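To keep things clear, I will list the structure first and then write my remarks on it.
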Number of protein chains: 2
Amino acid sequence: MTTEKRSTRPIPLSRDRILRAAVAVADKRGFDSLSMRNLAQELGTAPMSLYRHVDNKEDLLDGMIDIVFSEIEVPSSGGWRPAMRERAMSTRKALRRHPWAIGLMESSKRPGPANLAQHNATLACLRTDAGLSFPMAVHAYSLMDSYIHGFALQEKTLPSDIPAEAEARKEAVTDDDAAFAAEFPYLAELVVELRKANYVFADEFEYGLDLILDGIEQLRKRESTTAKRTGKASKKH
Amino acid sequence: MTTEKRSTRPIPLSRDRILRAAVAVADKRGFDSLSMRNLAQELGTAPMSLYRHVDNKEDLLDGMIDIVFSEIEVPSSGGWRPAMRERAMSTRKALRRHPWAIGLMESSKRPGPANLAQHNATLACLRTDAGLSFPMAVHAYSLMDSYIHGFALQEKTLPSDIPAEAEARKEAVTDDDAAFAAEFPYLAELVVELRKANYVFADEFEYGLDLILDGIEQLRKRESTTAKRTGKASKKH
DNA sequence: ACCTGAACACCGTTCAAGT
DNA sequence: ACCTGAACACCGTTCAAGT
């Protein structure tokens, strides 16, 4: 009897359950098809029932975004470089799982607890483990996150693993193959070369990431030698 | 009389006029408030009249995006580095003017002529002026565009010129200032330091850009010495 | 007091009725 | 043949009517 009752009204609605369902819908059916009505149906309730646990759709999105942040590994100890590298890889993986979050993670007017914890831990890593001055830590942070989110953005909309140009050309072919090659010779080369090399854009990520980490490493060295030269005045900045 | 007639039916509708009006609406009133109905009203026509010049809303967006591409300076000759730098700055400026374009420029399934010309010229610059091998040119391209678009993405949604954390903290203050500083000490430091330094996020762009250009410069050097060592075999790759 | 169906002001797009 | 108003299937959210 208790079982029967449970099957009729399975699980009580809660903010957490709503948020997780919303993430699942956005992942599975795409962000555009996530609507309050749609979500309510998924949960077996009326659309208006959601508004008891969620202020409005913006609030719903804020909650969803913090779930994504909670899936990103906080930079561990054991050297700033592997820690920052791991964080970058983890962020990219999370954004691959939840591509709809890419435009939204930077905005969120009232960042959730996971968001704050993630940012705090990353700053701690750059300041303490990497030993960067405050302005340098901000430079490094901005640079890395721009790259990570920008890469995720490019990756999101690439039709397959072959860049958009390849697709473009495939359509242009119907018009005039030779004319395309004449007008855009370097794009034509791109298509041929990428196909020849069995290119996968996804592999590009680590290449750029390591180049950036090298650059930050250079900053560190430059800064620590300056610090030695100018004495403890450097600690101020 | 002719004047009177012209004032009643001012300018005939055209694809170009529709696209420019759409860009203006998105710039001025925000992307979310750009609707076919809204746009038609702006142009003084019925919503359905637009469909004579535009397949659907997706087609409209494709056209708008190519207008943005047309505003980006094609990399000029005179050294790969200033050329690529100029292109980056120009792209960032265009994305600042049209923030709604950020998520969309990478996607566009059928890239427009300005898009193709821009990509072709950039590849030409990397291959010919910078003298990079094909795979290295792709690395450099992916890296730069990830950074540029990622930065634009961060910049778009930052409430003011002060990072989101500052705003977050401002709200957290109402709760408990000391508790926030205890839980997120590095974020608390961030807020204090940024305010002290009169920090403007916009200035961050060139710092990261130059670090990346330095990295690409390194790649070039490494590649040209390898080329010397291994002879013309390097030309193959 | 709590919950929620109907209603409102919007969408993009189809389609048939008007010229 | 061309153009376009009404209509359709959707939105997020308000609000008053139901319990």
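Residues in the structure tokens are numbered from 1 in each chain, the chains being A, B, ... in the order shown, and ligands are numbered from 1 in the order shown.
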
Please return, as a compact mmCIF listing (two decimals) with C-alpha atoms (C1' of nucleotides), in the first residue's frame, all residues of chain C lying within 10 Å of chain B when only C-alpha atoms (C1' of nucleotides) are considered.
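Produced file iface.txt, reproduced below:
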```
# COMPACT_ATOMS: atom_id res chain seq x y z
C1' DC C 11 7.43 34.05 -30.10
C1' DG C 12 8.58 31.85 -35.36
C1' DT C 13 6.30 30.17 -39.06
```

Determine which residues of chain B sit within 8 Å of chain A, taking into account only C-alpha atoms, and present them as a PyMOL selection string.
-> chain B and resi 103+106-107+109-111+116-117+119-121+123-124+134+139-140+142-143+145-151+153-154+157-159+164-165+167-168+184-187+193+204+207-208+211-212+215

Would you return as a ChimeraX atom specification the members of segment 51-233 of chain B that DSSP assigns to alpha helix (DSSP H) on this structure's backbone?
-> /B:57-70,80-97,113-124,134-157,164-175,177-183,185-196,204-230,233
